[in-house]
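What follows is a set of notes on a single structure, which appears directly below.
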Amino acid sequence: MELSDLRAFARITDLMSVSAAARALGLPKSSVSRALARLERDVGVTLVDRSTRHLRLTDAGTHFRPHALRILADVDEAGAALDGLGSVPAGTLKISLPFTIATALVAPMLPAFMATYRQVRVVLAVENRFINMPVEPADLVIRVGPLADSDLIARRLLVSETWLCASPDYLARHGTPVQAADLPGHSLVGYGDRLTAYRDDVSGDAGTIELPPSIAISASAALLPVVLAGGGIAHLPDFLARPLVADGRLVRLWPGVPGELVAIHAVYPSYRSLSAKVRVFIDALQASVAQHDSGA
């Protein structure tokens with residue numbers, strides 16, 4: 001029984017698609033199919049029913065899957081323990097994170113990190129989804145927002161506040177709203193195609209109105225170029241907006257009104273606490289984020 005076959009089985013059953021598993025593993029579909037067939041031959045039973053339009057775990061596959069995941073987790077844990085024994089962090093560090101965090105917070109600190117830890121190879125898996133640890137091979141996940149209950153360890157990197165922003169050009173053309181009641185009729189750029197709440201503490205009414213977006217975008221990083229180009233008013237994470245407000249390219253509306261607070265965490269399995277490469281990366285990222293927040 002090969003570990004690579006177990007990893008293929010785990011990814012197939014996580015995504016319930018051989019094609020998707022092949023893409024995630026970076027392998028040809030034929031290689032992943034052969035890995036599954038080889039594993040089934042080794043264990044002597046069919047694990048995944050491929051006779052229907054959609055894949056389905058057989059009873060044997062359902063019973064086998066948790067054992068396969070445990071084997072893979074134990075192998076990863078053993079590797080992490082050995083990694084932690086070395087005085088110099090080394091090896092491949094795979095990090096799953098959203099695009100906004102990758103571009104605004106992680107990419108800028110990577111050159112200094114790599115210059116310090118030359119034996120670490122960093123692989124960024126930039127994806128706006130929650131991965132299933134430890135089924136999917138990642139050493140570290142950066143997640144935005146509330147965390148689900150799990151046995152994973154989370155270290156808070158920062159708490160981001162959303163700022164209501166627009167470009168000076170947009171405000172010159174359309175006027176500057178002074179309260180939430182002024183927002184209807186403005187071009188509102190929203191995160192997702194849903195009603196967005198706008199708090200109004202400026203007028204003293206402490207009310208909230210909900211308005212649909214004129215432009216709906218599913219990634220906060222993509223909001224930014226629209227707003228910079230004068231496309232409208234949007235809530236932006238402070239770590240994106242702060243430098244642009246400081247240099248005059250954006251205007252923060254109603255700075256006295258508190259924005260929504262969103263926590264950002266680094267998450268890893270408990271055994272990854274032994275990994276030197278994970279530990280030094282989180283420390284470096286926290287230091288970089290603190291410097292970013294201070295405006296240094």
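By order of appearance in the structure tokens: chains A, B, ..., then residues from 1 within every chain, and ligands from 1 in the order shown.
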What are the nearest atom pairs, with distances in Å to one decimal, for all residues of stretch 45-124 of chain A that come at most 12 Å from stretch 203-227 of chain A, using only C-alpha atoms, set out by chain and rising residue number as a tab-separated table?
residue	atom	partner	partner_atom	distance
A:Pro98	CA	A:Ala219	CA	8.8
A:Phe99	CA	A:Ala221	CA	7.1
A:Thr100	CA	A:Ala221	CA	5.0
A:Ile101	CA	A:Ala221	CA	8.7
A:Ala102	CA	A:Ala221	CA	9.9
A:Thr103	CA	A:Ala221	CA	8.3
A:Ala104	CA	A:Ala221	CA	8.6
A:Leu105	CA	A:Ala221	CA	11.8
Go ahead and write the selection's residues with C-alpha atoms as a short mmCIF file (atom, residue, chain, number, x, y, z; two decimals), in the first residue's frame.
data_model
loop_
_atom_site.label_atom_id
_atom_site.label_comp_id
_atom_site.auth_asym_id
_atom_site.auth_seq_id
_atom_site.Cartn_x
_atom_site.Cartn_y
_atom_site.Cartn_z
CA PRO A 98 -7.14 33.97 0.34
CA PHE A 99 -6.01 36.24 -2.47
CA THR A 100 -6.44 39.46 -0.47
CA ILE A 101 -4.23 38.22 2.36
CA ALA A 102 -1.67 36.84 -0.06
CA THR A 103 -1.25 40.10 -1.93
CA ALA A 104 -1.62 42.63 0.89
CA LEU A 105 0.06 40.92 3.85
#
According to DSSP computed on the backbone, where in stretch 9-52 of chain A is there helix (DSSP H, G or I)? Give the residues as a ChimeraX atom specification. /A:9-15,18-25,29-43
I'd like a table as CSV: residues in stretch 121-209 of chain A with an atom no more than 7 Å from stretch 250-266 of chain A, each row giving the shortest atom pair and its distance in Å to one decimal, only C-alpha atoms counted, sorted by chain and rising residue number.
residue,atom,partner,partner_atom,distance
A:Leu140,CA,A:Ala266,CA,6.7
A:Val141,CA,A:Ala266,CA,5.8
A:Ile142,CA,A:Ala266,CA,4.5
A:Arg143,CA,A:His265,CA,5.4
A:Val144,CA,A:Ile264,CA,4.5
A:Gly145,CA,A:Ala263,CA,5.3
A:Ala154,CA,A:Ala266,CA,5.5
A:Arg155,CA,A:Ala266,CA,5.2
A:Arg156,CA,A:His265,CA,4.3
A:Leu157,CA,A:His265,CA,5.3
A:Leu158,CA,A:Ile264,CA,5.6
A:Val159,CA,A:Ala263,CA,4.3
A:Ser160,CA,A:Val262,CA,5.1
A:Glu161,CA,A:Leu261,CA,4.6
A:Thr162,CA,A:Gly259,CA,4.9
A:Trp163,CA,A:Gly259,CA,5.9
A:Leu164,CA,A:Leu253,CA,5.4
A:Cys165,CA,A:Arg252,CA,4.6
A:Ala166,CA,A:Val251,CA,5.5
A:Ser167,CA,A:Leu250,CA,4.6
A:Pro168,CA,A:Leu250,CA,6.3
A:Asp201,CA,A:Val257,CA,5.9
A:Val202,CA,A:Val257,CA,6.9
Next, write the just-selected residues to a file, as a short mmCIF file (atom, residue, chain, number, x, y, z; two decimals), in the first residue's frame, keeping N, CA and C atoms as the atom set.
data_model
loop_
_atom_site.label_atom_id
_atom_site.label_comp_id
_atom_site.auth_asym_id
_atom_site.auth_seq_id
_atom_site.Cartn_x
_atom_site.Cartn_y
_atom_site.Cartn_z
N LEU A 140 -0.11 25.14 6.79
CA LEU A 140 -0.66 26.32 7.46
C LEU A 140 -1.79 26.87 6.60
N VAL A 141 -2.85 27.30 7.26
CA VAL A 141 -3.98 27.92 6.58
C VAL A 141 -4.22 29.28 7.22
N ILE A 142 -4.43 30.29 6.40
CA ILE A 142 -4.81 31.61 6.93
C ILE A 142 -6.27 31.83 6.59
N ARG A 143 -7.05 32.08 7.64
CA ARG A 143 -8.50 32.18 7.45
C ARG A 143 -9.00 33.52 7.97
N VAL A 144 -10.00 34.04 7.26
CA VAL A 144 -10.61 35.32 7.60
C VAL A 144 -12.01 35.06 8.14
N GLY A 145 -12.33 35.64 9.31
CA GLY A 145 -13.65 35.49 9.87
C GLY A 145 -13.71 34.44 10.96
N ALA A 154 -5.20 27.77 16.45
CA ALA A 154 -5.31 29.04 15.73
C ALA A 154 -4.53 30.12 16.48
N ARG A 155 -3.73 30.86 15.74
CA ARG A 155 -3.05 32.04 16.29
C ARG A 155 -3.57 33.27 15.58
N ARG A 156 -4.07 34.23 16.35
CA ARG A 156 -4.63 35.44 15.75
C ARG A 156 -3.50 36.30 15.19
N LEU A 157 -3.65 36.68 13.93
CA LEU A 157 -2.67 37.55 13.30
C LEU A 157 -3.03 39.02 13.48
N LEU A 158 -4.30 39.32 13.28
CA LEU A 158 -4.77 40.70 13.46
C LEU A 158 -6.29 40.71 13.46
N VAL A 159 -6.85 41.82 13.91
CA VAL A 159 -8.28 42.09 13.79
C VAL A 159 -8.41 43.29 12.85
N SER A 160 -9.04 43.06 11.71
CA SER A 160 -9.19 44.09 10.70
C SER A 160 -10.52 44.81 10.87
N GLU A 161 -10.51 46.11 10.65
CA GLU A 161 -11.73 46.91 10.67
C GLU A 161 -12.06 47.33 9.25
N THR A 162 -13.33 47.26 8.87
CA THR A 162 -13.72 47.71 7.54
C THR A 162 -13.91 49.22 7.55
N TRP A 163 -13.39 49.86 6.51
CA TRP A 163 -13.52 51.31 6.33
C TRP A 163 -14.40 51.58 5.11
N LEU A 164 -15.29 52.56 5.22
CA LEU A 164 -16.10 52.97 4.09
C LEU A 164 -15.29 54.00 3.29
N CYS A 165 -14.99 53.69 2.04
CA CYS A 165 -14.06 54.51 1.26
C CYS A 165 -14.58 54.80 -0.13
N ALA A 166 -14.07 55.89 -0.69
CA ALA A 166 -14.31 56.25 -2.09
C ALA A 166 -13.10 57.05 -2.57
N SER A 167 -12.98 57.19 -3.88
CA SER A 167 -11.88 57.97 -4.43
C SER A 167 -12.25 59.46 -4.40
N PRO A 168 -11.26 60.35 -4.33
CA PRO A 168 -11.55 61.79 -4.40
C PRO A 168 -12.28 62.16 -5.69
N ASP A 201 -24.00 56.46 12.48
CA ASP A 201 -23.85 57.09 13.80
C ASP A 201 -23.56 58.58 13.68
N VAL A 202 -23.37 59.05 12.45
CA VAL A 202 -23.00 60.45 12.25
C VAL A 202 -24.17 61.37 12.55
#
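If only C-alpha atoms are the atoms counted, then among A:Ala68, A:Leu236, A:Ala246, A:Leu188 the closest residue to A:Ser4 is A:Ala68.
Among the candidates A:Lys277, A:Leu97, A:Leu171, A:Ala37, the residue lying nearest to A:Arg118 is A:Lys277 (atoms considered: only C-alpha atoms).
Shortest atom-to-atom contact with A:Arg41 among A:Ala73, A:Ala112, A:Ala180, A:Met1: A:Met1, counting only C-alpha atoms.
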Run DSSP on the backbone and give me the residues of stretch 109-216 of chain A it puts in strand (DSSP E), as JSON, numbers by chain. {"A": [120, 121, 122, 123, 124, 125, 126, 140, 141, 142, 143, 144, 153, 154, 155, 156, 157, 158, 159, 160, 161, 162, 163, 164, 165, 166, 189, 190, 191, 196, 197, 198, 199, 200, 207, 208, 209, 210, 211, 215, 216]}
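The two atoms in question, atom CA of A:Phe281 and atom CA of A:Leu240, are spaced 21.4 Å apart.
Between atom CA of A:Ala276 and atom CA of A:Ala10 lies a distance of 26.4 Å.
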